[in-house]
$ cat model_15.cif   # mmCIF, C-alpha atoms and all ligand atoms
data_work
loop_
_atom_site.label_atom_id
_atom_site.label_comp_id
_atom_site.auth_asym_id
_atom_site.auth_seq_id
_atom_site.Cartn_x
_atom_site.Cartn_y
_atom_site.Cartn_z
CA MET A 1 153.73 111.03 65.15
CA ILE A 2 150.78 112.06 63.08
CA LEU A 3 150.66 114.69 60.33
CA VAL A 4 147.69 117.03 60.48
CA THR A 5 146.99 119.35 57.54
CA GLY A 6 144.99 122.54 58.07
CA GLY A 7 145.71 122.42 61.79
CA ALA A 8 145.60 126.21 62.20
CA GLY A 9 141.99 126.46 60.97
CA PHE A 10 138.81 126.14 62.99
CA ILE A 11 138.41 122.36 63.26
CA GLY A 12 142.14 121.74 62.81
CA SER A 13 143.21 123.86 65.78
CA ASN A 14 140.51 122.31 67.96
CA PHE A 15 141.71 118.89 66.82
CA VAL A 16 145.38 119.64 67.58
CA LEU A 17 144.57 121.04 71.04
CA ASP A 18 142.25 118.15 71.82
CA TRP A 19 144.73 115.52 70.61
CA LEU A 20 147.61 116.88 72.68
CA ALA A 21 145.36 117.20 75.73
CA GLN A 22 144.67 113.45 75.52
CA SER A 23 147.89 111.96 74.21
CA ASN A 24 151.61 112.50 74.11
CA GLU A 25 151.92 111.51 70.49
CA GLY A 26 153.38 114.46 68.58
CA ILE A 27 151.82 116.35 65.68
CA ILE A 28 153.36 117.88 62.60
CA ASN A 29 150.93 120.59 61.63
CA LEU A 30 151.13 121.60 57.95
CA ASP A 31 149.07 124.69 57.19
CA LYS A 32 149.33 127.30 54.47
CA LEU A 33 147.92 130.01 56.77
CA THR A 34 145.32 131.37 54.37
CA TYR A 35 142.92 133.98 55.74
CA ALA A 36 141.28 131.10 57.69
CA GLY A 37 144.47 129.85 59.35
CA ASN A 38 145.39 131.49 62.63
CA LEU A 39 148.36 130.57 64.79
CA GLN A 40 146.81 132.48 67.69
CA ASN A 41 144.45 129.52 68.06
CA LEU A 42 147.48 127.45 69.03
CA SER A 43 149.25 129.97 71.25
CA SER A 44 148.74 127.72 74.31
CA LEU A 45 151.14 125.26 72.65
CA THR A 46 154.04 127.71 72.41
CA GLY A 47 157.19 125.88 73.48
CA ASP A 48 155.47 122.47 73.49
CA PRO A 49 157.87 120.09 71.69
CA ARG A 50 154.98 117.76 70.77
CA HIS A 51 153.69 120.32 68.25
CA ILE A 52 155.74 121.10 65.15
CA PHE A 53 154.21 123.77 62.95
CA VAL A 54 155.20 124.03 59.28
CA GLN A 55 153.78 126.73 57.05
CA GLY A 56 153.17 125.25 53.61
CA ASP A 57 150.78 123.96 50.99
CA ILE A 58 149.40 120.40 50.79
CA GLY A 59 150.00 120.75 47.04
CA ASP A 60 153.74 121.28 47.52
CA THR A 61 154.91 117.75 46.76
CA GLN A 62 158.55 118.40 47.59
CA LEU A 63 157.73 119.84 51.01
CA VAL A 64 155.21 117.12 51.88
CA SER A 65 157.60 114.35 50.78
CA GLN A 66 160.39 115.84 52.85
CA LEU A 67 158.13 116.06 55.94
CA LEU A 68 157.03 112.44 55.48
CA GLU A 69 160.65 111.25 55.16
CA GLN A 70 161.84 113.30 58.11
CA TYR A 71 159.05 112.56 60.61
CA GLN A 72 157.75 109.16 59.41
CA PRO A 73 154.16 109.76 60.58
CA ARG A 74 151.91 106.76 61.20
CA ALA A 75 148.85 108.66 59.98
CA ILE A 76 147.70 111.74 58.07
CA ILE A 77 144.59 113.67 59.06
CA ASN A 78 143.66 115.82 56.08
CA LEU A 79 141.72 118.88 57.20
CA ALA A 80 143.29 121.47 54.89
CA ALA A 81 140.71 122.96 52.56
CA GLU A 82 138.96 126.06 51.36
CA SER A 83 135.77 125.71 53.38
CA HIS A 84 133.31 128.57 52.92
CA VAL A 85 130.41 128.11 50.46
CA ASP A 86 129.87 131.84 49.91
CA ARG A 87 133.53 132.33 49.01
CA SER A 88 133.30 129.40 46.59
CA ILE A 89 130.41 131.15 44.85
CA LEU A 90 132.29 134.43 44.44
CA GLY A 91 135.61 132.77 43.53
CA PRO A 92 135.78 128.99 42.98
CA GLU A 93 139.40 128.81 41.73
CA ASP A 94 141.07 128.43 45.14
CA PHE A 95 138.66 125.60 45.93
CA ILE A 96 139.67 123.67 42.84
CA GLN A 97 143.32 124.36 43.56
CA THR A 98 143.42 123.24 47.19
CA ASN A 99 140.51 120.84 47.59
CA ILE A 100 141.01 118.94 44.34
CA LEU A 101 144.57 119.47 43.11
CA GLY A 102 146.00 119.85 46.61
CA THR A 103 144.37 116.64 47.84
CA PHE A 104 145.56 114.82 44.72
CA ARG A 105 149.16 115.96 45.23
CA LEU A 106 149.00 115.08 48.91
CA LEU A 107 147.71 111.60 48.03
CA GLU A 108 150.52 111.12 45.52
CA ALA A 109 153.22 112.12 48.04
CA VAL A 110 151.64 109.91 50.70
CA ARG A 111 151.39 106.96 48.33
CA ALA A 112 155.08 107.23 47.42
CA TYR A 113 155.97 107.27 51.14
CA TRP A 114 153.53 104.50 52.11
CA VAL A 115 154.65 101.94 49.47
CA GLU A 116 158.16 102.03 50.92
CA LEU A 117 157.12 101.35 54.53
CA GLU A 118 157.94 98.04 56.27
CA SER A 119 155.02 95.63 56.19
CA ASP A 120 153.67 96.17 59.75
CA THR A 121 153.98 99.96 59.62
CA LYS A 122 152.51 99.88 56.14
CA GLN A 123 149.51 97.92 57.28
CA ASP A 124 148.85 100.16 60.28
CA PHE A 125 149.24 103.40 58.34
CA ARG A 126 146.08 105.51 57.81
CA PHE A 127 145.11 108.45 55.60
CA LEU A 128 142.03 110.03 57.16
CA HIS A 129 140.22 112.49 54.92
CA VAL A 130 137.86 114.92 56.62
CA SER A 131 134.88 115.78 54.44
CA THR A 132 131.40 117.22 54.63
CA ASP A 133 127.76 116.17 54.39
CA GLU A 134 127.35 118.80 51.65
CA VAL A 135 128.67 116.32 49.05
CA TYR A 136 125.27 114.55 49.24
CA GLY A 137 123.37 117.62 48.03
CA SER A 138 120.08 118.85 49.38
CA LEU A 139 117.13 117.06 51.05
CA THR A 140 113.48 117.98 51.07
CA LEU A 141 111.79 118.31 54.46
CA ASN A 142 110.50 114.74 54.58
CA GLU A 143 113.36 112.80 53.02
CA PRO A 144 115.38 110.51 55.31
CA ALA A 145 118.78 111.76 56.53
CA PHE A 146 121.95 111.04 54.51
CA THR A 147 123.42 107.59 55.01
CA GLU A 148 126.88 106.65 53.72
CA GLU A 149 125.13 105.09 50.69
CA HIS A 150 123.40 108.30 49.63
CA ARG A 151 124.38 109.32 46.11
CA TYR A 152 126.78 112.22 45.70
CA GLN A 153 125.04 115.29 44.29
CA PRO A 154 127.08 118.36 45.25
CA ASN A 155 125.49 121.71 44.40
CA SER A 156 128.08 124.41 45.21
CA PRO A 157 131.64 124.82 43.94
CA TYR A 158 132.71 124.08 47.54
CA SER A 159 130.78 120.82 47.83
CA ALA A 160 131.74 119.79 44.28
CA SER A 161 135.41 120.27 45.12
CA LYS A 162 135.05 118.26 48.35
CA ALA A 163 133.14 115.53 46.50
CA SER A 164 135.95 115.40 43.99
CA SER A 165 138.55 114.99 46.74
CA ASP A 166 136.45 112.23 48.36
CA HIS A 167 136.39 110.37 45.02
CA LEU A 168 140.17 110.66 44.68
CA VAL A 169 140.67 109.33 48.22
CA ARG A 170 138.33 106.43 47.47
CA ALA A 171 140.16 105.69 44.22
CA TYR A 172 143.54 105.58 45.98
CA HIS A 173 142.18 102.84 48.21
CA HIS A 174 140.50 100.92 45.42
CA THR A 175 143.40 101.15 42.99
CA TYR A 176 146.51 101.31 45.16
CA ASP A 177 145.22 99.82 48.48
CA LEU A 178 146.17 102.98 50.36
CA PRO A 179 144.52 102.53 53.81
CA VAL A 180 142.15 105.49 53.73
CA LEU A 181 139.23 106.54 55.90
CA THR A 182 136.73 109.24 54.95
CA THR A 183 134.44 111.09 57.33
CA ASN A 184 131.49 113.21 56.17
CA CYS A 185 130.42 115.56 58.91
CA SER A 186 127.61 118.07 59.35
CA ASN A 187 128.00 121.78 60.25
CA ASN A 188 130.42 122.39 63.12
CA TYR A 189 130.38 125.25 65.60
CA GLY A 190 132.45 126.19 68.63
CA PRO A 191 135.58 128.14 69.65
CA PHE A 192 137.95 129.57 67.01
CA GLN A 193 135.44 129.51 64.14
CA PHE A 194 136.14 132.33 61.71
CA PRO A 195 133.29 134.88 61.85
CA GLU A 196 132.19 134.40 58.25
CA LYS A 197 130.20 131.23 59.06
CA LEU A 198 126.65 131.50 60.39
CA ILE A 199 127.05 131.08 64.16
CA PRO A 200 130.18 133.17 64.84
CA LEU A 201 129.07 135.84 62.33
CA MET A 202 125.78 136.24 64.18
CA ILE A 203 127.48 136.42 67.60
CA VAL A 204 130.09 138.92 66.44
CA ASN A 205 127.57 141.09 64.54
CA ALA A 206 125.11 141.09 67.45
CA LEU A 207 127.81 142.17 69.91
CA ALA A 208 128.72 145.01 67.52
CA ASP A 209 125.04 146.02 67.09
CA LYS A 210 125.14 145.12 63.40
CA ALA A 211 122.43 143.52 61.25
CA LEU A 212 122.03 139.72 61.48
CA PRO A 213 121.68 138.78 57.78
CA ILE A 214 119.33 135.83 57.16
CA TYR A 215 119.53 134.42 53.64
CA GLY A 216 116.13 133.94 51.95
CA ASP A 217 113.37 132.83 54.30
CA GLY A 218 115.72 131.46 56.99
CA GLN A 219 114.00 128.06 56.88
CA GLN A 220 117.04 126.19 55.51
CA ILE A 221 117.95 123.33 57.79
CA ARG A 222 121.40 122.18 58.88
CA ASP A 223 122.54 119.54 61.38
CA TRP A 224 124.87 121.11 63.97
CA LEU A 225 127.73 119.40 65.81
CA TYR A 226 129.89 120.93 68.53
CA VAL A 227 133.47 120.91 67.25
CA THR A 228 135.04 118.82 70.03
CA ASP A 229 132.52 116.08 69.26
CA HIS A 230 133.81 116.13 65.67
CA CYS A 231 137.37 115.87 67.03
CA SER A 232 136.49 112.82 69.13
CA ALA A 233 134.78 111.21 66.13
CA ILE A 234 137.92 111.71 64.02
CA ARG A 235 140.09 110.22 66.78
CA ARG A 236 137.78 107.24 67.13
CA THR A 237 137.66 106.67 63.35
CA LEU A 238 141.44 106.78 63.18
CA GLU A 239 141.64 104.25 65.99
CA ALA A 240 139.02 101.75 64.86
CA GLY A 241 137.69 102.64 61.40
CA ILE A 242 137.98 100.05 58.65
CA PRO A 243 140.20 101.15 55.73
CA GLY A 244 138.14 102.02 52.67
CA GLU A 245 135.04 102.81 54.75
CA THR A 246 133.30 106.14 55.04
CA TYR A 247 131.62 107.35 58.23
CA ASN A 248 128.93 110.00 58.52
CA ILE A 249 129.29 112.18 61.62
CA GLY A 250 126.43 114.29 62.95
CA GLY A 251 124.87 115.74 66.05
CA TRP A 252 121.21 114.68 65.67
CA ASN A 253 120.53 118.41 65.85
CA GLU A 254 118.57 119.55 62.81
CA LYS A 255 117.54 123.17 63.06
CA PRO A 256 116.34 125.93 60.71
CA ASN A 257 118.74 128.86 60.45
CA ILE A 258 116.27 131.36 61.88
CA GLU A 259 115.92 129.24 65.01
CA ILE A 260 119.70 129.20 65.46
CA VAL A 261 119.86 132.98 65.19
CA GLN A 262 116.93 133.46 67.58
CA THR A 263 118.58 131.15 70.12
CA ILE A 264 121.80 133.19 69.90
CA CYS A 265 119.82 136.42 70.44
CA THR A 266 117.98 134.95 73.43
CA LEU A 267 121.20 133.73 75.07
CA LEU A 268 123.00 137.01 74.44
CA GLU A 269 120.08 138.83 76.06
CA GLU A 270 120.76 136.80 79.23
CA PHE A 271 124.22 138.39 79.30
CA TYR A 272 123.01 141.83 78.22
CA PRO A 273 119.43 142.18 79.51
CA ASP A 274 119.21 145.80 78.32
CA ARG A 275 119.87 145.02 74.66
CA ALA A 276 117.31 143.81 72.08
CA PHE A 277 119.35 141.56 69.79
CA HIS A 278 116.25 140.09 68.09
CA ASN A 279 115.64 143.49 66.47
CA LEU A 280 118.87 143.11 64.49
CA VAL A 281 117.51 140.17 62.43
CA THR A 282 117.46 141.25 58.77
CA TYR A 283 116.32 139.15 55.81
CA VAL A 284 118.61 139.49 52.76
CA LYS A 285 118.66 138.01 49.25
CA ASP A 286 119.15 134.25 49.21
CA ARG A 287 122.47 132.55 48.47
CA PRO A 288 122.50 131.31 44.82
CA GLY A 289 121.82 127.55 44.65
CA HIS A 290 121.20 127.47 48.41
CA ASP A 291 120.77 123.88 49.67
CA ARG A 292 117.51 123.56 51.57
CA ARG A 293 118.28 120.85 54.06
CA TYR A 294 121.16 118.66 55.25
CA ALA A 295 120.61 115.85 57.74
CA ILE A 296 122.99 113.13 58.87
CA ASN A 297 122.20 109.56 59.79
CA ALA A 298 125.13 108.81 62.12
CA LEU A 299 124.13 105.26 63.00
CA ARG A 300 127.11 103.55 61.33
CA ILE A 301 129.70 105.32 63.45
CA GLU A 302 127.57 104.74 66.55
CA ARG A 303 127.10 101.03 65.84
CA ASP A 304 130.52 100.12 64.42
CA LEU A 305 132.81 102.50 66.32
CA ASN A 306 130.72 103.16 69.41
CA TRP A 307 130.86 106.93 68.92
CA LYS A 308 128.14 109.37 69.93
CA PRO A 309 128.17 113.15 70.40
CA THR A 310 128.36 114.32 74.00
CA GLU A 311 127.04 117.88 73.55
CA THR A 312 123.46 118.82 72.78
CA PHE A 313 122.82 122.01 70.85
CA ALA A 314 121.70 123.68 74.09
CA THR A 315 124.99 122.94 75.88
CA GLY A 316 127.22 123.55 72.85
CA ILE A 317 125.77 126.90 71.85
CA ARG A 318 126.05 128.18 75.44
CA LYS A 319 129.75 127.20 75.55
CA THR A 320 130.31 128.79 72.15
CA ILE A 321 128.73 132.12 73.11
CA GLN A 322 130.67 132.14 76.36
CA TRP A 323 133.91 131.55 74.41
CA TYR A 324 133.29 134.48 72.05
CA LEU A 325 132.40 136.72 75.01
CA ASP A 326 135.63 135.70 76.75
CA ASN A 327 137.75 136.19 73.62
CA GLN A 328 136.99 139.68 72.35
CA GLN A 329 140.67 140.20 71.54
CA TRP A 330 140.66 137.16 69.22
CA ILE A 331 137.60 138.62 67.48
CA ASN A 332 139.29 142.01 67.08
CA ASP A 333 142.46 140.39 65.74
CA VAL A 334 140.73 138.36 63.01
CA GLN A 335 138.66 141.32 61.86
CA THR A 336 141.49 142.74 59.79
CA GLY A 337 141.17 144.81 56.60
CA ALA A 338 140.85 141.69 54.44
CA TYR A 339 137.99 140.43 56.63
CA ARG A 340 136.12 143.71 56.34
CA GLU A 341 136.54 143.71 52.56
CA TRP A 342 135.08 140.21 52.32
CA ILE A 343 132.05 141.05 54.49
CA GLU A 344 131.37 144.15 52.42
CA LYS A 345 131.67 142.29 49.12
CA ASN A 346 129.41 139.38 50.10
CA TYR A 347 126.67 141.31 51.84
CA THR A 348 126.54 144.17 49.31
CA GLU A 349 125.83 141.56 46.60
CA LEU A 350 123.07 140.03 48.73
CA GLU A 351 121.39 143.39 49.32
CA GLN A 352 121.05 144.02 45.56
P1 LIG A 401 138.88 126.44 57.94
O1 LIG A 401 138.63 127.20 56.67
O2 LIG A 401 138.60 127.10 59.23
O3 LIG A 401 140.40 125.96 57.98
C1 LIG A 401 141.07 125.44 56.88
C2 LIG A 401 142.57 125.45 57.18
O4 LIG A 401 143.25 124.89 56.04
C3 LIG A 401 143.14 126.87 57.38
O5 LIG A 401 143.98 126.88 58.51
C4 LIG A 401 143.94 127.12 56.11
O6 LIG A 401 145.05 127.98 56.31
C5 LIG A 401 144.37 125.72 55.73
N1 LIG A 401 144.61 125.59 54.28
C6 LIG A 401 143.85 126.02 53.25
N2 LIG A 401 144.42 125.69 52.08
C7 LIG A 401 145.56 125.02 52.37
C8 LIG A 401 146.57 124.39 51.58
N3 LIG A 401 146.52 124.43 50.24
N4 LIG A 401 147.57 123.76 52.21
C9 LIG A 401 147.66 123.73 53.57
N5 LIG A 401 146.74 124.31 54.36
C10 LIG A 401 145.70 124.94 53.76
O7 LIG A 401 138.03 125.11 57.77
P2 LIG A 401 137.36 124.19 58.89
O8 LIG A 401 135.98 124.67 59.10
O9 LIG A 401 138.27 124.04 60.02
O10 LIG A 401 137.27 122.82 58.07
C11 LIG A 401 138.32 121.88 58.10
C12 LIG A 401 137.96 120.69 57.24
O11 LIG A 401 136.73 120.11 57.69
C13 LIG A 401 137.72 121.06 55.76
O12 LIG A 401 138.23 120.03 54.97
C14 LIG A 401 136.20 121.13 55.65
O13 LIG A 401 135.79 120.83 54.35
C15 LIG A 401 135.79 120.06 56.64
N6 LIG A 401 134.46 120.24 57.25
C16 LIG A 401 134.14 121.44 57.84
C17 LIG A 401 132.89 121.56 58.45
C18 LIG A 401 132.49 122.85 59.15
O14 LIG A 401 131.32 122.98 59.54
N7 LIG A 401 133.38 123.80 59.36
C19 LIG A 401 131.99 120.49 58.44
C20 LIG A 401 132.37 119.28 57.83
C21 LIG A 401 133.62 119.18 57.24
P1 LIG A 402 127.42 128.47 56.68
O1 LIG A 402 127.87 128.69 58.09
O2 LIG A 402 128.03 129.29 55.60
O3 LIG A 402 127.56 126.91 56.39
P2 LIG A 402 127.04 126.03 55.11
O4 LIG A 402 126.53 126.91 54.05
O5 LIG A 402 128.28 125.33 54.74
O6 LIG A 402 125.98 125.13 55.69
O7 LIG A 402 125.85 128.71 56.64
C1 LIG A 402 124.96 127.94 57.41
C2 LIG A 402 123.56 128.33 56.98
O8 LIG A 402 123.31 129.68 57.34
C3 LIG A 402 123.35 128.24 55.48
O9 LIG A 402 122.03 127.77 55.22
C4 LIG A 402 123.48 129.68 55.01
C5 LIG A 402 122.96 130.48 56.19
N1 LIG A 402 123.57 131.82 56.38
C6 LIG A 402 122.76 132.95 56.52
O10 LIG A 402 121.50 132.86 56.50
N2 LIG A 402 123.34 134.16 56.71
C7 LIG A 402 124.70 134.31 56.73
O11 LIG A 402 125.19 135.46 56.86
C8 LIG A 402 125.53 133.14 56.61
C9 LIG A 402 127.02 133.26 56.64
C10 LIG A 402 124.92 131.92 56.44
#
$ encode --input "model_15.cif" --output "C-alpha cells" --more "lines below"
Ligand code: NAD
Ligand code: TYD
Amino acid sequence: MILVTGGAGFIGSNFVLDWLAQSNEGIINLDKLTYAGNLQNLSSLTGDPRHIFVQGDIGDTQLVSQLLEQYQPRAIINLAAESHVDRSILGPEDFIQTNILGTFRLLEAVRAYWVELESDTKQDFRFLHVSTDEVYGSLTLNEPAFTEEHRYQPNSPYSASKASSDHLVRAYHHTYDLPVLTTNCSNNYGPFQFPEKLIPLMIVNALADKALPIYGDGQQIRDWLYVTDHCSAIRRTLEAGIPGETYNIGGWNEKPNIEIVQTICTLLEEFYPDRAFHNLVTYVKDRPGHDRRYAINALRIERDLNWKPTETFATGIRKTIQWYLDNQQWINDVQTGAYREWIEKNYTELEQ
C-alpha cells in the first residue's frame, strides 16, 4: 500500500483517482478535511476496498504512527498542505502549523517507522514530498526558467512555509538517509480545484455573471500544468526517481494571467454565444508582494525519468471548462457560507 496525505484536496483527489484507475495497489488517504478537502471528489470510490480514508492531521504523531504500523505502506506521498497564497497573506499561522510543523512531525513518525523496516523494504521505501515552483521566488521577463539548482527565495508566507518543508525533507535524507524525493511543480488546473484559485474562480464567477478580478496589471506570468500530468509525474518520480534528488515539473506553458482569463471568456462564449463574458473583466488592487513570473525548466525529469506532459494548455483548459459546466452541483456544494465569507474578505480588501 501507499499512504497519501491530503488526498481529498484538488491534486490529492486527482492523484488518488488516477492511481486506482491504473493500479490495484491500495491507498490509505490521510486528510484533515480543511475547507479545501472534499470527500465528494472521491465519491466514485465509495465501497472500493482499495481506498481507506482516515480523517486526521499529518501533525498527529500518534495517529500517523499507528497508521504506519497497521498498514505498513511502502511509500508516502505528502500532498497535505495549506496551499492558497492569498489566504497565507491574510492569515499565515495555519501555513506554519501544517506546512512546517506538520511536515516535520510527519517526517519524524516516518523516520521512526522506516528505521525498523527489514533491509530490502527499507531500501525500497520512499517519502515523496510534493512542493511548488514558488519556493524559487520571482523571475524577470528575460531570466531563464527555474532549474533544480535555482536558489530558494520564497516571497509569500505560503512559499516560505513550503520552502521550509522542502529543507526539512532534504535534511532528513542528508542526516538520516531517509529515501526522500521532492518535486517542485508549477501551477496546476483541472477538475476539483477549489474556486479560490485563478482558473476555477474565473469560470465560476463568469457563469454567475460576477466580476472577474484581475490583480494589478494582469501581466504576471505563471506556467500551467493540467493536473493529471502532475499526477503522472508524481507516479513516475516514485517509480524511478533517485532518493535525495529533486525534480521540477512543468507544462512548458507560460502565460500572463490576463491571457488565461481571456481564453476562459472566449471558450465560455462558445458554449453561451449570447453572453459577453469579456465585459466582466475587472482590474483590482494588486496582491501584496505579488511574484511577477514563474517558469519551470522541466528538462531533468524529461531526461532522467522520461516524463513529459501530455496536455497542452489548449486541450487542458477545454477539458477543465467542460468539467465545471458538467459539475454545477459540485460548484454549488463547495460555495458554502465559509466560502462566501472568504471571497468577501479577500476581494473587499483588494477593492480598497
Ligand atoms: P488543496 O488546498 O486543494 O488540498 C490540500 C489538502 O490537504 C486538503 O484536502 C486539506 O484538507 C488537506 N490538509 C490540509 N492540512 C492538513 C493537515 N494538517 N493534515 C492532513 N491534511 C491536511 O491543495 P492542492 O492544490 O491539491 O495542493 C496539494 C499539494 O501540492 C500542496 O502541498 C501544494 O503545496 C502542492 N502544489 C500545488 C500546486 C497547485 O497549483 N495547486 C502546484 C504545485 C504544488
Ligand atoms: P493563484 O491561482 O492564486 O496561484 P498562485 O498565486 O499560487 O500562482 O493565482 C494565479 C495568478 O492569478 C497569480 O498571479 C494571482 C492571479 N490572480 C488574480 O489576478 N485574480 C484572482 O482573483 C486570483 C485568485 C489570482
$ axis_aligned_box --input "model_15.cif" --around "ligand LIG 402 (chain A)" --padding-each-side "3 Å" --output "JSON"
{"center_x": 124.9, "center_y": 130.3, "center_z": 56.1, "size_x": 12.8, "size_y": 16.3, "size_z": 10.0}
$ closest_residue --input "model_15.cif" --among "A:Thr34, A:Thr5, A:Lys122, A:Phe146" --to "Leu106 of chain A" --atoms "only C-alpha atoms"
A:Thr5
$ closest_atom_pairs --input "model_15.cif" --of "segment 144-222 of chain A" --to "segment 244-247 of chain A" --cutoff "10 Å" --atoms "only C-alpha atoms" --output "CSV"
residue,atom,partner,partner_atom,distance
A:Thr147,CA,A:Tyr247,CA,8.8
A:Glu148,CA,A:Thr246,CA,6.6
A:Glu149,CA,A:Thr246,CA,9.3
A:Asp166,CA,A:Thr246,CA,9.6
A:Val169,CA,A:Gly244,CA,8.9
A:Arg170,CA,A:Gly244,CA,6.8
A:Ala171,CA,A:Gly244,CA,9.4
A:Tyr172,CA,A:Gly244,CA,9.3
A:His173,CA,A:Gly244,CA,6.1
A:His174,CA,A:Gly244,CA,7.7
A:Asp177,CA,A:Gly244,CA,8.5
A:Leu178,CA,A:Gly244,CA,8.4
A:Pro179,CA,A:Gly244,CA,6.5
A:Val180,CA,A:Gly244,CA,5.4
A:Leu181,CA,A:Gly244,CA,5.7
A:Thr182,CA,A:Thr246,CA,4.6
A:Thr183,CA,A:Tyr247,CA,4.8
A:Asn184,CA,A:Tyr247,CA,6.2
A:Cys185,CA,A:Tyr247,CA,8.3
$ write_last_selection --input "model_15.cif" --atoms "C-alpha atoms" --output "compact mmCIF listing (two decimals), in the coordinates of the input"
# COMPACT_ATOMS: atom_id res chain seq x y z
CA THR A 147 123.42 107.59 55.01
CA GLU A 148 126.88 106.65 53.72
CA GLU A 149 125.13 105.09 50.69
CA ASP A 166 136.45 112.23 48.36
CA VAL A 169 140.67 109.33 48.22
CA ARG A 170 138.33 106.43 47.47
CA ALA A 171 140.16 105.69 44.22
CA TYR A 172 143.54 105.58 45.98
CA HIS A 173 142.18 102.84 48.21
CA HIS A 174 140.50 100.92 45.42
CA ASP A 177 145.22 99.82 48.48
CA LEU A 178 146.17 102.98 50.36
CA PRO A 179 144.52 102.53 53.81
CA VAL A 180 142.15 105.49 53.73
CA LEU A 181 139.23 106.54 55.90
CA THR A 182 136.73 109.24 54.95
CA THR A 183 134.44 111.09 57.33
CA ASN A 184 131.49 113.21 56.17
CA CYS A 185 130.42 115.56 58.91
$ atom_distance --input "model_15.cif" --atom1 "atom CA of Gln40 of chain A" --atom2 "atom CA of Gln329 of chain A"
10.6 Å
$ closest_residue --input "model_15.cif" --among "A:Asp48, A:Glu143, A:Asp124, A:Asp223" --to "ligand LIG 401 (chain A)" --atoms "only C-alpha atoms and all ligand atoms"
A:Asp223
$ residues_near_ligand --input "model_15.cif" --ligand "ligand LIG 402 (chain A)" --cutoff "9 Å" --atoms "all atoms listed in the file" --output "JSON, numbers by chain"
{"A": [83, 84, 85, 86, 132, 134, 158, 159, 186, 187, 188, 189, 195, 196, 197, 198, 199, 200, 201, 202, 212, 213, 214, 215, 216, 217, 218, 219, 220, 221, 222, 223, 256, 257, 258, 260, 261, 283, 284, 286, 287, 290, 291, 292, 293, 294, 346, 347]}
$ decode --input "model_15.cif" --residues "segment 334-348 of chain A" --atoms "N, CA and C atoms" --output "PDB file, in the first residue's frame"
ATOM      1  N   VAL A 334     -19.638  23.433  -2.884  1.00  0.00           N
ATOM      2  CA  VAL A 334     -18.440  23.982  -2.213  1.00  0.00           C
ATOM      3  C   VAL A 334     -18.612  25.463  -1.880  1.00  0.00           C
ATOM      4  N   GLN A 335     -19.628  26.085  -2.490  1.00  0.00           N
ATOM      5  CA  GLN A 335     -19.837  27.509  -2.198  1.00  0.00           C
ATOM      6  C   GLN A 335     -20.710  27.673  -0.957  1.00  0.00           C
ATOM      7  N   THR A 336     -20.189  27.206   0.159  1.00  0.00           N
ATOM      8  CA  THR A 336     -20.933  27.272   1.412  1.00  0.00           C
ATOM      9  C   THR A 336     -20.753  28.657   2.025  1.00  0.00           C
ATOM     10  N   GLY A 337     -21.307  28.856   3.221  1.00  0.00           N
ATOM     11  CA  GLY A 337     -21.171  30.133   3.922  1.00  0.00           C
ATOM     12  C   GLY A 337     -19.726  30.534   4.120  1.00  0.00           C
ATOM     13  N   ALA A 338     -18.873  29.563   4.510  1.00  0.00           N
ATOM     14  CA  ALA A 338     -17.466  29.870   4.780  1.00  0.00           C
ATOM     15  C   ALA A 338     -16.771  30.339   3.500  1.00  0.00           C
ATOM     16  N   TYR A 339     -17.142  29.738   2.384  1.00  0.00           N
ATOM     17  CA  TYR A 339     -16.556  30.148   1.092  1.00  0.00           C
ATOM     18  C   TYR A 339     -16.932  31.602   0.784  1.00  0.00           C
ATOM     19  N   ARG A 340     -18.194  31.906   0.969  1.00  0.00           N
ATOM     20  CA  ARG A 340     -18.662  33.267   0.643  1.00  0.00           C
ATOM     21  C   ARG A 340     -17.974  34.302   1.532  1.00  0.00           C
ATOM     22  N   GLU A 341     -17.778  33.938   2.808  1.00  0.00           N
ATOM     23  CA  GLU A 341     -17.097  34.869   3.725  1.00  0.00           C
ATOM     24  C   GLU A 341     -15.683  35.160   3.251  1.00  0.00           C
ATOM     25  N   TRP A 342     -14.986  34.086   2.823  1.00  0.00           N
ATOM     26  CA  TRP A 342     -13.606  34.255   2.361  1.00  0.00           C
ATOM     27  C   TRP A 342     -13.545  35.171   1.139  1.00  0.00           C
ATOM     28  N   ILE A 343     -14.416  34.929   0.163  1.00  0.00           N
ATOM     29  CA  ILE A 343     -14.414  35.720  -1.070  1.00  0.00           C
ATOM     30  C   ILE A 343     -14.651  37.188  -0.712  1.00  0.00           C
ATOM     31  N   GLU A 344     -15.601  37.418   0.173  1.00  0.00           N
ATOM     32  CA  GLU A 344     -15.913  38.795   0.546  1.00  0.00           C
ATOM     33  C   GLU A 344     -14.714  39.467   1.212  1.00  0.00           C
ATOM     34  N   LYS A 345     -14.076  38.736   2.131  1.00  0.00           N
ATOM     35  CA  LYS A 345     -12.946  39.304   2.874  1.00  0.00           C
ATOM     36  C   LYS A 345     -11.800  39.654   1.921  1.00  0.00           C
ATOM     37  N   ASN A 346     -11.423  38.723   1.068  1.00  0.00           N
ATOM     38  CA  ASN A 346     -10.270  38.934   0.185  1.00  0.00           C
ATOM     39  C   ASN A 346     -10.534  40.061  -0.803  1.00  0.00           C
ATOM     40  N   TYR A 347     -11.680  40.018  -1.457  1.00  0.00           N
ATOM     41  CA  TYR A 347     -11.891  40.966  -2.552  1.00  0.00           C
ATOM     42  C   TYR A 347     -12.328  42.344  -2.056  1.00  0.00           C
ATOM     43  N   THR A 348     -12.854  42.440  -0.825  1.00  0.00           N
ATOM     44  CA  THR A 348     -13.145  43.764  -0.278  1.00  0.00           C
ATOM     45  C   THR A 348     -11.828  44.463   0.007  1.00  0.00           C
TER      46      THR A 348
END
